[in-house]
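Participant: Structure file start.cif (mmCIF, C-alpha atoms and all ligand atoms) is given on the next line.
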data_entry
#
loop_
_atom_site.label_atom_id
_atom_site.label_comp_id
_atom_site.auth_asym_id
_atom_site.auth_seq_id
_atom_site.Cartn_x
_atom_site.Cartn_y
_atom_site.Cartn_z
CA MET T 740 18.79 -33.54 54.12
CA SER T 741 16.25 -31.36 52.29
CA ALA T 742 16.46 -30.90 48.51
CA ALA T 743 17.38 -27.24 49.04
CA ASN T 744 20.26 -28.20 51.34
CA MET T 745 21.48 -30.87 48.93
CA LEU T 746 21.44 -28.39 46.03
CA GLN T 747 23.30 -25.87 48.17
CA GLN T 748 25.92 -28.44 49.09
CA ILE T 749 26.40 -29.41 45.43
CA ALA T 750 26.77 -25.74 44.50
CA ASP T 751 29.43 -25.30 47.20
CA GLU T 752 31.32 -28.32 45.87
CA VAL T 753 31.09 -27.02 42.30
CA ARG T 754 32.61 -23.70 43.39
CA ALA T 755 35.53 -25.56 45.00
CA CYS T 756 35.98 -28.06 42.15
CA THR T 757 39.40 -28.59 40.59
CA ALA T 758 38.64 -31.95 38.96
CA CYS T 759 39.43 -30.78 35.41
CA ARG T 760 41.47 -28.01 33.76
CA LEU T 761 38.52 -25.63 33.28
CA HIS T 762 38.67 -24.13 36.76
CA GLN T 763 42.09 -22.67 35.88
CA SER T 764 40.84 -20.39 33.12
CA ALA T 765 37.34 -19.67 34.44
CA MET T 766 36.54 -16.68 36.62
CA ARG T 767 33.61 -18.21 38.47
CA ALA T 768 31.88 -21.55 38.64
CA VAL T 769 28.24 -21.67 37.50
CA PRO T 770 26.48 -24.39 39.51
CA GLY T 771 22.95 -23.58 38.32
CA GLU T 772 19.97 -22.01 40.04
CA GLY T 773 16.28 -22.29 40.73
CA PRO T 774 13.82 -23.35 43.41
CA ALA T 775 14.37 -26.76 45.04
CA ASP T 776 10.76 -27.72 44.27
CA ALA T 777 10.91 -26.80 40.56
CA LYS T 778 9.11 -29.40 38.48
CA VAL T 779 10.84 -28.38 35.26
CA MET T 780 14.62 -28.40 34.83
CA PHE T 781 16.49 -26.93 31.84
CA ILE T 782 19.98 -28.18 31.08
CA GLY T 783 22.28 -26.22 28.77
CA GLU T 784 25.84 -26.81 27.70
CA ALA T 785 28.37 -24.67 29.56
CA PRO T 786 28.76 -21.13 30.88
CA GLY T 787 29.75 -18.44 28.37
CA PHE T 788 31.40 -15.06 28.92
CA HIS T 789 28.63 -13.40 30.95
CA GLU T 790 27.80 -16.51 32.97
CA ASP T 791 31.49 -16.82 33.89
CA ARG T 792 31.53 -13.23 35.14
CA GLN T 793 28.31 -13.49 37.14
CA GLY T 794 28.42 -17.11 38.31
CA ARG T 795 24.86 -17.58 37.02
CA PRO T 796 23.53 -19.66 34.12
CA PHE T 797 22.00 -18.17 30.97
CA VAL T 798 22.47 -14.46 31.70
CA GLY T 799 23.85 -13.42 28.27
CA ALA T 800 22.10 -13.17 24.91
CA ALA T 801 21.13 -16.85 24.93
CA GLY T 802 19.70 -16.33 28.42
CA GLN T 803 17.58 -13.39 27.28
CA PHE T 804 16.23 -15.51 24.47
CA LEU T 805 15.62 -18.39 26.89
CA GLU T 806 13.52 -16.06 29.04
CA GLU T 807 11.49 -15.08 25.96
CA LEU T 808 11.00 -18.74 25.17
CA LEU T 809 9.92 -19.46 28.75
CA GLY T 810 7.34 -16.70 28.29
CA LEU T 811 5.95 -18.52 25.25
CA ALA T 812 5.48 -21.55 27.52
CA GLY T 813 3.81 -19.48 30.24
CA LEU T 814 6.74 -20.09 32.59
CA ARG T 815 8.75 -17.64 34.65
CA ARG T 816 12.48 -18.07 35.07
CA SER T 817 12.05 -17.95 38.84
CA GLU T 818 9.94 -21.13 38.87
CA VAL T 819 12.29 -23.41 36.89
CA PHE T 820 15.73 -24.84 37.64
CA ILE T 821 18.46 -23.97 35.13
CA ALA T 822 21.77 -25.84 35.01
CA ASN T 823 24.49 -26.83 32.57
CA VAL T 824 26.37 -30.02 31.75
CA ILE T 825 29.66 -28.19 32.41
CA LYS T 826 30.01 -25.88 35.41
CA HIS T 827 33.11 -23.86 34.45
CA ARG T 828 33.43 -21.90 31.18
CA PRO T 829 35.55 -23.58 28.49
CA PRO T 830 38.14 -21.10 27.09
CA ASP T 831 36.78 -19.10 24.14
CA ASN T 832 33.50 -21.01 24.48
CA ARG T 833 34.97 -24.07 22.81
CA ASP T 834 33.08 -27.36 23.00
CA PRO T 835 33.63 -29.23 26.24
CA LEU T 836 36.03 -32.18 25.97
CA PRO T 837 34.98 -35.73 26.90
CA ASP T 838 37.16 -35.81 30.04
CA GLU T 839 35.67 -32.48 31.19
CA ILE T 840 32.15 -33.81 30.70
CA ALA T 841 33.09 -36.96 32.63
CA ALA T 842 34.66 -34.97 35.49
CA CYS T 843 31.60 -32.73 35.80
CA SER T 844 28.84 -35.29 35.35
CA GLN T 845 28.52 -36.24 39.01
CA PHE T 846 27.30 -32.70 39.81
CA LEU T 847 24.51 -32.77 37.23
CA GLU T 848 23.49 -36.30 38.28
CA ARG T 849 23.27 -35.22 41.92
CA GLN T 850 21.34 -32.07 41.02
CA ILE T 851 18.81 -34.17 39.12
CA ALA T 852 18.54 -36.63 42.03
CA ALA T 853 18.06 -33.82 44.59
CA LEU T 854 15.53 -31.90 42.50
CA ASN T 855 13.75 -34.96 41.11
CA PRO T 856 12.05 -32.88 38.40
CA LEU T 857 9.01 -34.19 36.56
CA VAL T 858 10.26 -32.75 33.27
CA ILE T 859 13.79 -32.16 31.98
CA VAL T 860 14.31 -30.01 28.90
CA THR T 861 17.72 -30.53 27.32
CA LEU T 862 19.07 -27.54 25.42
CA GLY T 863 21.48 -28.51 22.66
CA ARG T 864 23.43 -31.62 21.87
CA PHE T 865 25.63 -31.99 24.97
CA SER T 866 22.76 -32.32 27.43
CA MET T 867 20.72 -34.28 24.87
CA ALA T 868 23.52 -36.89 24.68
CA ARG T 869 22.95 -37.87 28.34
CA TRP T 870 19.54 -39.38 27.41
CA PHE T 871 19.67 -39.72 23.63
CA PRO T 872 23.19 -40.84 22.69
CA GLY T 873 23.79 -40.95 18.96
CA GLU T 874 20.58 -39.07 18.13
CA LYS T 875 20.42 -35.93 16.00
CA ILE T 876 18.76 -32.86 17.50
CA SER T 877 17.34 -31.91 14.09
CA ARG T 878 15.43 -35.21 14.07
CA ILE T 879 14.20 -35.51 17.66
CA HIS T 880 13.76 -31.93 18.94
CA GLY T 881 10.41 -31.30 20.58
CA GLN T 882 9.61 -35.01 20.96
CA PRO T 883 9.27 -35.97 24.62
CA ARG T 884 10.20 -39.40 25.91
CA TRP T 885 9.49 -40.97 29.27
CA ILE T 886 12.81 -42.11 30.73
CA GLU T 887 13.65 -43.19 34.30
CA GLY T 888 10.29 -42.00 35.64
CA ARG T 889 10.27 -38.54 34.11
CA MET T 890 9.69 -36.76 30.83
CA ILE T 891 12.77 -35.72 28.88
CA ILE T 892 12.26 -33.21 26.07
CA PRO T 893 15.18 -32.54 23.74
CA MET T 894 15.21 -29.00 22.40
CA MET T 895 17.62 -26.97 20.33
CA HIS T 896 20.06 -24.69 22.09
CA PRO T 897 18.72 -21.10 22.27
CA ALA T 898 22.10 -19.74 21.12
CA ALA T 899 21.97 -21.88 17.98
CA ALA T 900 18.42 -20.79 17.26
CA LEU T 901 18.90 -17.12 18.07
CA HIS T 902 20.36 -15.96 14.79
CA GLN T 903 18.96 -18.51 12.36
CA PRO T 904 15.35 -17.78 11.44
CA GLN T 905 14.47 -21.37 10.50
CA TYR T 906 15.70 -22.70 13.87
CA ARG T 907 14.15 -19.83 15.74
CA ALA T 908 10.69 -20.75 14.51
CA LEU T 909 11.32 -24.40 15.44
CA ILE T 910 12.45 -23.72 19.00
CA GLU T 911 9.61 -21.25 19.52
CA ASP T 912 7.09 -23.85 18.35
CA ASP T 913 8.66 -26.45 20.68
CA PHE T 914 8.42 -24.10 23.66
CA ARG T 915 4.79 -23.25 22.83
CA ARG T 916 4.02 -26.95 23.24
CA LEU T 917 5.72 -27.19 26.65
CA PRO T 918 2.54 -26.57 28.71
CA GLU T 919 0.86 -29.47 26.89
CA PHE T 920 3.87 -31.73 27.56
CA ILE T 921 4.01 -30.74 31.24
CA ALA T 922 0.29 -31.49 31.59
CA GLN T 923 0.86 -34.92 29.99
CA ALA T 924 3.72 -35.63 32.39
CA GLU T 925 1.56 -34.59 35.36
CA THR T 926 -1.23 -36.91 34.26
CA LYS T 927 1.17 -39.77 33.74
CA SER T 928 2.86 -39.39 37.11
CA ALA T 929 -0.51 -39.02 38.89
CA GLN T 930 -1.71 -42.23 37.22
CA ALA T 931 1.47 -44.03 38.22
CA ALA T 932 1.06 -42.87 41.83
CA ALA T 933 -2.60 -43.97 41.93
CA ALA T 934 -2.06 -47.34 40.27
CA VAL T 935 -2.76 -50.15 42.71
CA VAL T 936 -0.77 -53.18 41.76
CA PRO T 937 -2.01 -56.32 43.51
CA ASP T 938 0.79 -58.10 45.40
CA LYS T 939 -0.39 -61.55 44.46
CA PRO T 940 -2.66 -61.40 41.41
CA ASP T 941 -3.27 -65.14 41.52
CA GLU T 942 -4.93 -65.16 44.92
CA PRO T 943 -8.47 -66.65 44.92
CA GLU T 944 -10.04 -63.41 46.12
CA VAL T 945 -8.79 -61.57 43.07
CA GLN T 946 -9.94 -64.35 40.74
CA GLN T 947 -13.41 -64.37 42.30
CA LEU T 948 -13.77 -60.66 41.90
CA SER T 949 -13.03 -60.99 38.23
CA LEU T 950 -16.12 -63.28 37.87
CA PHE T 951 -18.38 -60.29 38.39
N1 LIG T 1001 24.83 -21.38 27.03
C1 LIG T 1001 24.71 -22.44 27.84
O1 LIG T 1001 24.64 -23.58 27.38
N2 LIG T 1001 24.65 -22.23 29.13
C2 LIG T 1001 24.70 -21.03 29.69
O2 LIG T 1001 24.62 -20.94 30.90
C3 LIG T 1001 24.82 -19.93 28.83
C4 LIG T 1001 24.88 -20.12 27.51
#
Can I see the file as structure tokens?
Facilitator:
Amino acid sequence: MSAANMLQQIADEVRACTACRLHQSAMRAVPGEGPADAKVMFIGEAPGFHEDRQGRPFVGAAGQFLEELLGLAGLRRSEVFIANVIKHRPPDNRDPLPDEIAACSQFLERQIAALNPLVIVTLGRFSMARWFPGEKISRIHGQPRWIEGRMIIPMMHPAAALHQPQYRALIEDDFRRLPEFIAQAETKSAQAAAAVVPDKPDEPEVQQLSLF
């Protein structure tokens, strides 16, 4: 099955999901969106009021700010994949509960597997916790790490940064560095693909070559 078909199938399953209580109060599921060949994936927390109405991620105030931030990184929204940890809106935008995160996690895992992005940018603490459990966003934001064959960059949540000038400057600076991080990830994955690892390094032929 192609990546696009897999993502479509996951989205269909998300829209039919009743695995936790959140589908009861939500208007629409928000599976996530973006091209199946996107090399950068952004992962937020959960749909809010506007996302719940439209069935699309990051379409409210935080979404507008995210689009501004993407602009600082020279990226267009249409070229990246945007998803959330939680696919149905929690009532009154409360924090998702552990059992809701557990019930929803298979969708995000399958989206990541289908998309296989080179770079994942986590937005806020709930998506950060998938790769950096126990870490503090204030300490590690904007510091990429190479995990499971891809670059993971923890960033603050745009909604948290929107109204607090000191965070706003931080998240803007982190997004300005994104092109540099993406270039590093591209170099690293190209090097990994080109690396020729000898099957049997102890074979005489290899040893002889090393004499020259
Ligand atoms: N905040 C999120 O984390 N996700 C959205 O889709 C919208 C706001």
Participant: Kindly provide the residues of chain T that approach ligand LIG 1001 (chain T) to within 12 Å, each paired with its closest atom pair and their distance in Å to one decimal, based on all atoms listed in the file, listed by chain and increasing number, as a Markdown table.
Facilitator:
| residue | atom | partner | partner_atom | distance |
| --- | --- | --- | --- | --- |
| T:Ala768 | CA | T:LIG1001 | O2 | 10.6 |
| T:Val769 | CA | T:LIG1001 | O2 | 7.6 |
| T:Pro770 | CA | T:LIG1001 | O2 | 9.5 |
| T:Gly771 | CA | T:LIG1001 | O2 | 8.1 |
| T:Glu772 | CA | T:LIG1001 | O2 | 10.3 |
| T:Phe781 | CA | T:LIG1001 | N2 | 9.8 |
| T:Ile782 | CA | T:LIG1001 | O1 | 7.5 |
| T:Gly783 | CA | T:LIG1001 | O1 | 3.8 |
| T:Glu784 | CA | T:LIG1001 | O1 | 3.5 |
| T:Ala785 | CA | T:LIG1001 | O1 | 4.5 |
| T:Pro786 | CA | T:LIG1001 | O2 | 4.1 |
| T:Gly787 | CA | T:LIG1001 | C3 | 5.2 |
| T:Phe788 | CA | T:LIG1001 | C3 | 8.2 |
| T:His789 | CA | T:LIG1001 | C3 | 7.9 |
| T:Glu790 | CA | T:LIG1001 | O2 | 5.8 |
| T:Asp791 | CA | T:LIG1001 | O2 | 8.6 |
| T:Arg792 | CA | T:LIG1001 | O2 | 11.2 |
| T:Gln793 | CA | T:LIG1001 | O2 | 10.4 |
| T:Gly794 | CA | T:LIG1001 | O2 | 9.2 |
| T:Arg795 | CA | T:LIG1001 | O2 | 7.0 |
| T:Pro796 | CA | T:LIG1001 | O2 | 3.6 |
| T:Phe797 | CA | T:LIG1001 | O2 | 3.8 |
| T:Val798 | CA | T:LIG1001 | C3 | 6.6 |
| T:Gly799 | CA | T:LIG1001 | C3 | 6.6 |
| T:Ala800 | CA | T:LIG1001 | C4 | 7.9 |
| T:Ala801 | CA | T:LIG1001 | C4 | 5.6 |
| T:Gly802 | CA | T:LIG1001 | C3 | 6.3 |
| T:Gln803 | CA | T:LIG1001 | C3 | 9.9 |
| T:Phe804 | CA | T:LIG1001 | C4 | 10.3 |
| T:Leu805 | CA | T:LIG1001 | C4 | 9.4 |
| T:Glu806 | CA | T:LIG1001 | C3 | 11.9 |
| T:Phe820 | CA | T:LIG1001 | O2 | 11.8 |
| T:Ile821 | CA | T:LIG1001 | O2 | 8.1 |
| T:Ala822 | CA | T:LIG1001 | O2 | 7.0 |
| T:Asn823 | CA | T:LIG1001 | N2 | 5.7 |
| T:Val824 | CA | T:LIG1001 | O1 | 8.0 |
| T:Ile825 | CA | T:LIG1001 | N2 | 8.4 |
| T:Lys826 | CA | T:LIG1001 | O2 | 8.6 |
| T:His827 | CA | T:LIG1001 | O2 | 9.7 |
| T:Arg828 | CA | T:LIG1001 | O2 | 8.9 |
| T:Pro829 | CA | T:LIG1001 | C1 | 10.9 |
| T:Asn832 | CA | T:LIG1001 | N1 | 9.0 |
| T:Arg833 | CA | T:LIG1001 | O1 | 11.3 |
| T:Asp834 | CA | T:LIG1001 | O1 | 10.2 |
| T:Pro835 | CA | T:LIG1001 | O1 | 10.7 |
| T:Thr861 | CA | T:LIG1001 | O1 | 9.8 |
| T:Leu862 | CA | T:LIG1001 | O1 | 7.1 |
| T:Gly863 | CA | T:LIG1001 | O1 | 7.5 |
| T:Arg864 | CA | T:LIG1001 | O1 | 9.8 |
| T:Phe865 | CA | T:LIG1001 | O1 | 8.8 |
| T:Ser866 | CA | T:LIG1001 | O1 | 8.9 |
| T:Met867 | CA | T:LIG1001 | O1 | 11.7 |
| T:Met894 | CA | T:LIG1001 | O1 | 12.0 |
| T:Met895 | CA | T:LIG1001 | O1 | 10.5 |
| T:His896 | CA | T:LIG1001 | O1 | 7.1 |
| T:Pro897 | CA | T:LIG1001 | N1 | 7.8 |
| T:Ala898 | CA | T:LIG1001 | N1 | 6.7 |
| T:Ala899 | CA | T:LIG1001 | N1 | 9.5 |
| T:Ala900 | CA | T:LIG1001 | N1 | 11.7 |
| T:Leu901 | CA | T:LIG1001 | N1 | 11.6 |
Participant: Between atom CA of T:Ala758 and atom CA of T:Glu839, what is the distance, to one decimal in Å?
Facilitator: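 Between atom CA of T:Ala758 and atom CA of T:Glu839 the gap works out to 8.3 Å.
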Participant: Counting all atoms listed in the file, which residue out of T:Asp913, T:Ala924, T:Leu854, T:Glu874 sits closest to T:Gly888?
Facilitator: T:Ala924
Participant: Could you give me the axis-aligned bounding box of stretch 864-878 of chain T, with 6 Å of padding per side, as centre plus edge lengths in Å to one decimal, as JSON?
Facilitator:
{"center_x": 20.5, "center_y": -36.3, "center_z": 21.2, "size_x": 22.2, "size_y": 21.3, "size_z": 26.3}
Participant: Calculate how many Å separate atom CA of T:Ile921 from atom CA of T:Pro893, rounding to one decimal.
Facilitator: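 Answer for the atom CA of T:Ile921 to atom CA of T:Pro893 separation: 13.6 Å.
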Participant: Between atom CA of T:Lys778 and atom CA of T:Gly881, what distance in Å does the model show, to one decimal?
Facilitator: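 Separation of atom CA of T:Lys778 and atom CA of T:Gly881: 18.0 Å.
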Participant: Compile the contact shell of T:Ala922 as a ChimeraX atom specification: residues with an atom at most 12 Å away, counting all atoms listed in the file, same-chain residues fewer than 5 positions apart removed.
Facilitator: /T:778-779,812,857-858,890,916-917,927-929
Participant: Would you tabulate, counting all atoms listed in the file, all residues of stretch 779-859 of chain T that have an atom at most 12 Å from an atom of stretch 741-748 of chain T, showing the closest pair of atoms and their distance in Å to one decimal, sorted by chain then ascending number, as a Markdown table?
Facilitator:
| residue | atom | partner | partner_atom | distance |
| --- | --- | --- | --- | --- |
| T:Phe820 | CA | T:Leu746 | CA | 10.8 |
| T:Ala822 | CA | T:Leu746 | CA | 11.3 |
| T:Phe846 | CA | T:Leu746 | CA | 9.6 |
| T:Leu847 | CA | T:Leu746 | CA | 10.3 |
| T:Glu848 | CA | T:Leu746 | CA | 11.3 |
| T:Arg849 | CA | T:Leu746 | CA | 8.2 |
| T:Gln850 | CA | T:Leu746 | CA | 6.2 |
| T:Ile851 | CA | T:Leu746 | CA | 9.4 |
| T:Ala852 | CA | T:Ala742 | CA | 8.9 |
| T:Ala853 | CA | T:Ala742 | CA | 5.1 |
| T:Leu854 | CA | T:Ala742 | CA | 6.2 |
| T:Asn855 | CA | T:Ala742 | CA | 8.9 |
| T:Pro856 | CA | T:Ala742 | CA | 11.2 |
Participant: Take the selection from the previous step and output its residues with C-alpha atoms, as a PDB file, keeping the file's coordinate frame.
Facilitator:
ATOM      1  CA  PHE T 820      15.730 -24.840  37.640  1.00  0.00           C
ATOM      2  CA  ALA T 822      21.770 -25.840  35.010  1.00  0.00           C
ATOM      3  CA  PHE T 846      27.300 -32.700  39.810  1.00  0.00           C
ATOM      4  CA  LEU T 847      24.510 -32.770  37.230  1.00  0.00           C
ATOM      5  CA  GLU T 848      23.490 -36.300  38.280  1.00  0.00           C
ATOM      6  CA  ARG T 849      23.270 -35.220  41.920  1.00  0.00           C
ATOM      7  CA  GLN T 850      21.340 -32.070  41.020  1.00  0.00           C
ATOM      8  CA  ILE T 851      18.810 -34.170  39.120  1.00  0.00           C
ATOM      9  CA  ALA T 852      18.540 -36.630  42.030  1.00  0.00           C
ATOM     10  CA  ALA T 853      18.060 -33.820  44.590  1.00  0.00           C
ATOM     11  CA  LEU T 854      15.530 -31.900  42.500  1.00  0.00           C
ATOM     12  CA  ASN T 855      13.750 -34.960  41.110  1.00  0.00           C
ATOM     13  CA  PRO T 856      12.050 -32.880  38.400  1.00  0.00           C
TER      14      PRO T 856
END
Participant: So, counting all atoms listed in the file, which residue among T:Arg889, T:His902, T:Lys875, T:His762 is closest to T:Pro830?
Facilitator: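 For T:Pro830, the nearest of the given residues is T:His762.
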Participant: Looking at T:Leu814, T:Leu761, T:Val819, T:Val753, which one is nearest to T:Ala775, with distances taken over all atoms listed in the file?
Facilitator: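 Ranking T:Leu814, T:Leu761, T:Val819, T:Val753 by distance to T:Ala775, first place goes to T:Val819.
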Participant: Missing atoms in stretch 784-807 of chain T: fill them in up to N, CA and C atoms and send the result as a compact mmCIF listing (two decimals), keeping the file's coordinate frame.
Facilitator:
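Generated output (result_1.txt):
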# COMPACT_ATOMS: atom_id res chain seq x y z
N GLU T 784 24.53 -26.21 28.00
CA GLU T 784 25.84 -26.81 27.70
C GLU T 784 26.89 -26.40 28.73
N ALA T 785 27.29 -25.15 28.69
CA ALA T 785 28.37 -24.67 29.56
C ALA T 785 28.25 -23.16 29.68
N PRO T 786 28.81 -22.59 30.74
CA PRO T 786 28.76 -21.13 30.88
C PRO T 786 29.51 -20.45 29.74
N GLY T 787 29.03 -19.28 29.33
CA GLY T 787 29.75 -18.44 28.37
C GLY T 787 30.37 -17.26 29.11
N PHE T 788 30.69 -16.22 28.36
CA PHE T 788 31.40 -15.06 28.92
C PHE T 788 30.65 -14.43 30.11
N HIS T 789 29.38 -14.12 29.91
CA HIS T 789 28.63 -13.40 30.95
C HIS T 789 28.34 -14.29 32.16
N GLU T 790 28.07 -15.56 31.87
CA GLU T 790 27.80 -16.51 32.97
C GLU T 790 29.05 -16.65 33.85
N ASP T 791 30.21 -16.70 33.20
CA ASP T 791 31.49 -16.82 33.89
C ASP T 791 31.75 -15.61 34.81
N ARG T 792 31.33 -14.44 34.34
CA ARG T 792 31.53 -13.23 35.14
C ARG T 792 30.59 -13.19 36.34
N GLN T 793 29.34 -13.65 36.09
CA GLN T 793 28.31 -13.49 37.14
C GLN T 793 28.12 -14.73 38.00
N GLY T 794 28.63 -15.88 37.55
CA GLY T 794 28.42 -17.11 38.31
C GLY T 794 26.99 -17.62 38.23
N ARG T 795 26.26 -17.16 37.19
CA ARG T 795 24.86 -17.58 37.02
C ARG T 795 24.63 -18.09 35.61
N PRO T 796 23.74 -19.10 35.45
CA PRO T 796 23.53 -19.66 34.12
C PRO T 796 22.63 -18.77 33.25
N PHE T 797 22.87 -18.81 31.96
CA PHE T 797 22.00 -18.17 30.97
C PHE T 797 21.65 -16.72 31.34
N VAL T 798 22.70 -15.89 31.44
CA VAL T 798 22.47 -14.46 31.70
C VAL T 798 22.91 -13.58 30.53
N GLY T 799 23.46 -14.19 29.46
CA GLY T 799 23.85 -13.42 28.27
C GLY T 799 22.73 -13.41 27.25
N ALA T 800 23.11 -13.26 25.98
CA ALA T 800 22.10 -13.17 24.91
C ALA T 800 21.25 -14.43 24.84
N ALA T 801 21.90 -15.60 24.98
CA ALA T 801 21.13 -16.85 24.93
C ALA T 801 20.14 -16.91 26.11
N GLY T 802 20.56 -16.35 27.24
CA GLY T 802 19.70 -16.33 28.42
C GLY T 802 18.49 -15.43 28.22
N GLN T 803 18.72 -14.28 27.56
CA GLN T 803 17.58 -13.39 27.28
C GLN T 803 16.57 -14.08 26.37
N PHE T 804 17.12 -14.79 25.39
CA PHE T 804 16.23 -15.51 24.47
C PHE T 804 15.52 -16.64 25.21
N LEU T 805 16.26 -17.32 26.11
CA LEU T 805 15.62 -18.39 26.89
C LEU T 805 14.45 -17.83 27.70
N GLU T 806 14.62 -16.64 28.26
CA GLU T 806 13.52 -16.06 29.04
C GLU T 806 12.32 -15.74 28.15
N GLU T 807 12.59 -15.29 26.92
CA GLU T 807 11.49 -15.08 25.96
C GLU T 807 10.77 -16.39 25.67
